[in-house]
Amino acid sequence: MALIIQNRIRKSYLNPPNTAPVCVTVNPKYLSETYYELKSGSRIVGKVLELWAGKDRIEGLEDLEVELIYGKEFLLDALFFTPAFWNSLREFGVTVGALITLRLEKAIVNGRVILLYPRRDVKWSILEEEKESGSI
C-alpha cells in the first residue's frame with residue numbers, strides 16, 4: 001500500500017542542496033498534513049508507475065526505484081529529484097512538463113522509516129484536482 005501521485009515535473013529555483021532543480025508537488029493534505037514527522041530533507045522512496053511526455057508514453061521506466069527529497073515550495077509539498085534520478089529520466093528524453101505517476105511507499109526521517117498509507121493505496125492527481133476546481 002502507498003501514496004500514488006500524478007503530477008507534472010516542474011522546474012524549481014528553491015531546490016535544496018544535492019538535488020536537481022526539478023520536482024513534483026503534492027497537495028500537503030496527502031503528505032505533510034498526514035505525516036507530521038516529515039522534515040525538509042526527509043527522503044521519500046518509491047517507484048515510477050508511468051510517465052508521459054505530451055501524448056507519448058515513455059516506455060522502460062516502469063518500476064524504476066526512486067528516492068526523492070522532501071521540502072516545501074510555497075504552500076505545497078515538493079519532492080525534489082536527485083541528480084541521478086533526473087539524469088536517468090533525461091536519458092529517455094524526459095523534460096520539464098512531463099506527467100509522472102509515482103508510487104510513494106515510505107519516508108525516511110532521521111534514519112527512521114515511516115510507511116506511507118500502509119493499509120490501502122491513496123491516490124492524488126493534479127489532473128483530477130484541476131478538473132474538480134474547474135481550472136482545466
# chains A, B, ... in the order shown; residues from 1 in each chain; ligands from 1
$ select_by_dssp --residues "chain A" --states "strand (DSSP E or B)" --output "PyMOL selection string"
chain A and resi 3-8+10-11+22-26+43-53+56-57+65-73+76-81+99-109+112-115+122-125
$ residues_around --residues "Leu68 (chain A)" --least-positions-apart "4" --cutoff "9 Å" --atoms "only C-alpha atoms" --output "tab-separated table (two decimals) with all heavy atoms, in the first residue's frame"
chain	number	residue	atom	x	y	z
A	19	THR	N	20.27	18.31	-4.80
A	19	THR	CA	19.10	17.87	-5.56
A	19	THR	C	19.15	18.54	-6.92
A	19	THR	O	19.80	19.57	-7.10
A	19	THR	CB	17.77	18.23	-4.87
A	19	THR	OG1	17.65	19.65	-4.80
A	19	THR	CG2	17.67	17.62	-3.48
A	23	CYS	N	11.17	19.11	-9.58
A	23	CYS	CA	10.40	18.44	-8.54
A	23	CYS	C	9.00	18.13	-9.04
A	23	CYS	O	8.61	18.56	-10.13
A	23	CYS	CB	10.32	19.32	-7.28
A	23	CYS	SG	9.34	20.84	-7.51
A	42	SER	N	13.89	15.06	4.40
A	42	SER	CA	13.46	13.67	4.54
A	42	SER	C	13.48	13.02	3.17
A	42	SER	O	13.22	13.66	2.15
A	42	SER	CB	12.05	13.58	5.12
A	42	SER	OG	11.99	14.11	6.41
A	43	ARG	N	13.78	11.73	3.13
A	43	ARG	CA	13.80	11.00	1.86
A	43	ARG	C	12.48	10.27	1.69
A	43	ARG	O	11.99	9.64	2.62
A	43	ARG	CB	14.98	10.04	1.84
A	43	ARG	CG	16.30	10.78	1.92
A	43	ARG	CD	17.51	9.89	1.84
A	43	ARG	NE	17.28	8.54	2.27
A	43	ARG	CZ	18.04	7.87	3.14
A	43	ARG	NH1	19.09	8.43	3.65
A	43	ARG	NH2	17.76	6.63	3.46
A	44	ILE	N	11.95	10.32	0.48
A	44	ILE	CA	10.72	9.62	0.13
A	44	ILE	C	11.10	8.58	-0.92
A	44	ILE	O	11.70	8.91	-1.94
A	44	ILE	CB	9.65	10.58	-0.44
A	44	ILE	CG1	9.42	11.77	0.49
A	44	ILE	CG2	8.36	9.83	-0.74
A	44	ILE	CD1	8.78	11.45	1.81
A	45	VAL	N	10.74	7.32	-0.67
A	45	VAL	CA	11.17	6.22	-1.53
A	45	VAL	C	9.96	5.58	-2.20
A	45	VAL	O	8.92	5.39	-1.56
A	45	VAL	CB	11.94	5.16	-0.69
A	45	VAL	CG1	12.37	3.99	-1.55
A	45	VAL	CG2	13.14	5.80	0.01
A	46	GLY	N	10.10	5.27	-3.48
A	46	GLY	CA	9.01	4.65	-4.20
A	46	GLY	C	9.44	4.17	-5.56
A	46	GLY	O	10.61	3.86	-5.78
A	79	LEU	N	8.63	17.36	-3.85
A	79	LEU	CA	9.50	16.20	-3.85
A	79	LEU	C	10.56	16.43	-4.93
A	79	LEU	O	10.26	16.37	-6.13
A	79	LEU	CB	8.70	14.94	-4.13
A	79	LEU	CG	7.57	14.67	-3.12
A	79	LEU	CD1	6.76	13.46	-3.54
A	79	LEU	CD2	8.11	14.51	-1.72
A	80	PHE	N	11.76	16.74	-4.47
A	80	PHE	CA	12.85	17.10	-5.37
A	80	PHE	C	13.57	15.86	-5.85
A	80	PHE	O	13.81	14.92	-5.08
A	80	PHE	CB	13.83	18.04	-4.66
A	80	PHE	CG	13.21	19.36	-4.33
A	80	PHE	CD1	12.62	19.59	-3.10
A	80	PHE	CD2	13.20	20.38	-5.27
A	80	PHE	CE1	12.04	20.81	-2.80
A	80	PHE	CE2	12.61	21.60	-4.98
A	80	PHE	CZ	12.03	21.82	-3.74
A	81	PHE	N	13.92	15.85	-7.13
A	81	PHE	CA	14.61	14.72	-7.73
A	81	PHE	C	16.08	14.76	-7.36
A	81	PHE	O	16.68	15.83	-7.27
A	81	PHE	CB	14.49	14.78	-9.25
A	81	PHE	CG	13.10	14.57	-9.79
A	81	PHE	CD1	11.97	14.66	-9.00
A	81	PHE	CD2	12.93	14.29	-11.13
A	81	PHE	CE1	10.71	14.46	-9.52
A	81	PHE	CE2	11.67	14.09	-11.67
A	81	PHE	CZ	10.55	14.19	-10.86
A	82	THR	N	16.66	13.59	-7.17
A	82	THR	CA	18.11	13.52	-7.01
A	82	THR	C	18.73	13.72	-8.39
A	82	THR	O	18.10	13.44	-9.42
A	82	THR	CB	18.56	12.17	-6.44
A	82	THR	OG1	18.19	11.15	-7.38
A	82	THR	CG2	17.94	11.89	-5.08
A	85	PHE	N	18.53	10.46	-10.45
A	85	PHE	CA	17.21	10.14	-10.97
A	85	PHE	C	16.88	11.05	-12.16
A	85	PHE	O	16.41	10.59	-13.20
A	85	PHE	CB	16.15	10.26	-9.87
A	85	PHE	CG	14.75	9.99	-10.33
A	85	PHE	CD1	14.43	8.82	-11.00
A	85	PHE	CD2	13.74	10.90	-10.09
A	85	PHE	CE1	13.13	8.56	-11.42
A	85	PHE	CE2	12.45	10.66	-10.51
A	85	PHE	CZ	12.14	9.49	-11.17
$ residues_around --residues "Ile4 (chain A)" --least-positions-apart "3" --cutoff "8 Å" --atoms "only C-alpha atoms" --output "list in words"
Thr101, Leu102, Arg103, Leu104, Asp121, Val122, Lys123 and Trp124 of chain A
$ closest_residue --among "A:Tyr30, A:Thr95, A:Asn87, A:Glu105" --to "Glu65 (chain A)" --atoms "only C-alpha atoms"
A:Glu105
$ closest_residue --among "A:Gln6, A:Ser125, A:Ser32, A:Asn27" --to "Leu99 (chain A)" --atoms "only C-alpha atoms"
A:Gln6
$ residues_around --residues "Lys106 (chain A)" --least-positions-apart "6" --cutoff "10 Å" --atoms "only C-alpha atoms" --output "list in words"
Met1, Ala2, Leu3, Arg43, Ile44, Val45, Gly46, Glu67, Val113, Ile114, Leu115, Leu116, Tyr117 and Pro118 of chain A
$ write_last_selection --atoms "all heavy atoms" --output "mmCIF file, in the first residue's frame"
data_model
loop_
_atom_site.group_PDB
_atom_site.id
_atom_site.type_symbol
_atom_site.label_atom_id
_atom_site.label_comp_id
_atom_site.auth_asym_id
_atom_site.auth_seq_id
_atom_site.Cartn_x
_atom_site.Cartn_y
_atom_site.Cartn_z
ATOM 1 N N MET A 1 0.838 -1.167 0.000
ATOM 2 C CA MET A 1 0.000 0.000 0.000
ATOM 3 C C MET A 1 0.892 1.242 0.000
ATOM 4 O O MET A 1 2.020 1.195 0.473
ATOM 5 C CB MET A 1 -0.899 -0.009 1.225
ATOM 6 C CG MET A 1 -1.753 -1.277 1.352
ATOM 7 S SD MET A 1 -2.913 -1.468 0.001
ATOM 8 C CE MET A 1 -2.362 -2.993 -0.695
ATOM 9 N N ALA A 2 0.360 2.350 -0.532
ATOM 10 C CA ALA A 2 1.224 3.509 -0.744
ATOM 11 C C ALA A 2 0.397 4.741 -1.087
ATOM 12 O O ALA A 2 -0.822 4.661 -1.259
ATOM 13 C CB ALA A 2 2.203 3.222 -1.873
ATOM 14 N N LEU A 3 1.093 5.863 -1.243
ATOM 15 C CA LEU A 3 0.515 7.079 -1.790
ATOM 16 C C LEU A 3 0.888 7.130 -3.265
ATOM 17 O O LEU A 3 2.070 7.093 -3.605
ATOM 18 C CB LEU A 3 1.064 8.316 -1.064
ATOM 19 C CG LEU A 3 0.677 9.674 -1.647
ATOM 20 C CD1 LEU A 3 -0.841 9.865 -1.642
ATOM 21 C CD2 LEU A 3 1.367 10.790 -0.874
ATOM 22 N N ARG A 43 13.779 11.733 3.127
ATOM 23 C CA ARG A 43 13.802 11.003 1.861
ATOM 24 C C ARG A 43 12.478 10.266 1.688
ATOM 25 O O ARG A 43 11.987 9.645 2.625
ATOM 26 C CB ARG A 43 14.980 10.038 1.839
ATOM 27 C CG ARG A 43 16.301 10.776 1.922
ATOM 28 C CD ARG A 43 17.514 9.886 1.839
ATOM 29 N NE ARG A 43 17.284 8.536 2.268
ATOM 30 C CZ ARG A 43 18.039 7.872 3.135
ATOM 31 N NH1 ARG A 43 19.094 8.432 3.652
ATOM 32 N NH2 ARG A 43 17.764 6.635 3.464
ATOM 33 N N ILE A 44 11.946 10.325 0.480
ATOM 34 C CA ILE A 44 10.716 9.619 0.130
ATOM 35 C C ILE A 44 11.096 8.577 -0.920
ATOM 36 O O ILE A 44 11.699 8.911 -1.936
ATOM 37 C CB ILE A 44 9.649 10.578 -0.441
ATOM 38 C CG1 ILE A 44 9.418 11.774 0.487
ATOM 39 C CG2 ILE A 44 8.363 9.827 -0.742
ATOM 40 C CD1 ILE A 44 8.783 11.448 1.810
ATOM 41 N N VAL A 45 10.745 7.318 -0.675
ATOM 42 C CA VAL A 45 11.171 6.216 -1.528
ATOM 43 C C VAL A 45 9.957 5.584 -2.198
ATOM 44 O O VAL A 45 8.920 5.392 -1.561
ATOM 45 C CB VAL A 45 11.936 5.158 -0.695
ATOM 46 C CG1 VAL A 45 12.369 3.987 -1.549
ATOM 47 C CG2 VAL A 45 13.135 5.800 0.006
ATOM 48 N N GLY A 46 10.104 5.274 -3.477
ATOM 49 C CA GLY A 46 9.013 4.645 -4.196
ATOM 50 C C GLY A 46 9.443 4.166 -5.564
ATOM 51 O O GLY A 46 10.611 3.857 -5.783
ATOM 52 N N GLU A 67 14.228 7.765 -5.300
ATOM 53 C CA GLU A 67 14.351 8.402 -3.998
ATOM 54 C C GLU A 67 14.241 9.901 -4.227
ATOM 55 O O GLU A 67 14.966 10.465 -5.046
ATOM 56 C CB GLU A 67 15.687 8.066 -3.342
ATOM 57 C CG GLU A 67 15.809 8.644 -1.950
ATOM 58 C CD GLU A 67 17.080 8.201 -1.252
ATOM 59 O OE1 GLU A 67 17.170 7.002 -0.920
ATOM 60 O OE2 GLU A 67 17.951 9.053 -1.048
ATOM 61 N N VAL A 113 12.148 4.784 9.440
ATOM 62 C CA VAL A 113 11.290 4.501 8.286
ATOM 63 C C VAL A 113 9.824 4.655 8.695
ATOM 64 O O VAL A 113 9.389 4.100 9.701
ATOM 65 C CB VAL A 113 11.547 3.071 7.750
ATOM 66 C CG1 VAL A 113 10.561 2.726 6.645
ATOM 67 C CG2 VAL A 113 12.983 2.951 7.266
ATOM 68 N N ILE A 114 9.080 5.420 7.892
ATOM 69 C CA ILE A 114 7.643 5.605 8.089
ATOM 70 C C ILE A 114 6.947 5.105 6.828
ATOM 71 O O ILE A 114 7.191 5.634 5.735
ATOM 72 C CB ILE A 114 7.293 7.089 8.309
ATOM 73 C CG1 ILE A 114 8.024 7.642 9.530
ATOM 74 C CG2 ILE A 114 5.786 7.272 8.430
ATOM 75 C CD1 ILE A 114 7.978 9.157 9.644
ATOM 76 N N LEU A 115 6.124 4.082 6.956
ATOM 77 C CA LEU A 115 5.366 3.576 5.807
ATOM 78 C C LEU A 115 4.247 4.564 5.476
ATOM 79 O O LEU A 115 3.542 5.022 6.378
ATOM 80 C CB LEU A 115 4.795 2.197 6.094
ATOM 81 C CG LEU A 115 5.823 1.096 6.358
ATOM 82 C CD1 LEU A 115 5.115 -0.210 6.687
ATOM 83 C CD2 LEU A 115 6.757 0.930 5.178
ATOM 84 N N LEU A 116 4.090 4.887 4.208
ATOM 85 C CA LEU A 116 3.046 5.806 3.775
ATOM 86 C C LEU A 116 1.792 5.024 3.420
ATOM 87 O O LEU A 116 1.825 4.147 2.560
ATOM 88 C CB LEU A 116 3.519 6.619 2.570
ATOM 89 C CG LEU A 116 4.781 7.468 2.793
ATOM 90 C CD1 LEU A 116 5.184 8.172 1.507
ATOM 91 C CD2 LEU A 116 4.574 8.471 3.918
ATOM 92 N N TYR A 117 0.715 5.314 4.111
ATOM 93 C CA TYR A 117 -0.571 4.657 3.900
ATOM 94 C C TYR A 117 -0.421 3.137 3.837
ATOM 95 O O TYR A 117 -0.674 2.514 2.806
ATOM 96 C CB TYR A 117 -1.252 5.206 2.633
ATOM 97 C CG TYR A 117 -1.570 6.677 2.757
ATOM 98 C CD1 TYR A 117 -0.729 7.640 2.177
ATOM 99 C CD2 TYR A 117 -2.680 7.114 3.467
ATOM 100 C CE1 TYR A 117 -1.006 8.991 2.298
ATOM 101 C CE2 TYR A 117 -2.958 8.466 3.593
ATOM 102 C CZ TYR A 117 -2.116 9.397 3.003
ATOM 103 O OH TYR A 117 -2.388 10.732 3.133
ATOM 104 N N PRO A 118 -0.001 2.517 4.937
ATOM 105 C CA PRO A 118 0.281 1.079 4.927
ATOM 106 C C PRO A 118 -0.943 0.169 4.791
ATOM 107 O O PRO A 118 -0.797 -1.008 4.505
ATOM 108 C CB PRO A 118 0.970 0.850 6.269
ATOM 109 C CG PRO A 118 0.489 1.957 7.154
ATOM 110 C CD PRO A 118 0.269 3.127 6.235
#
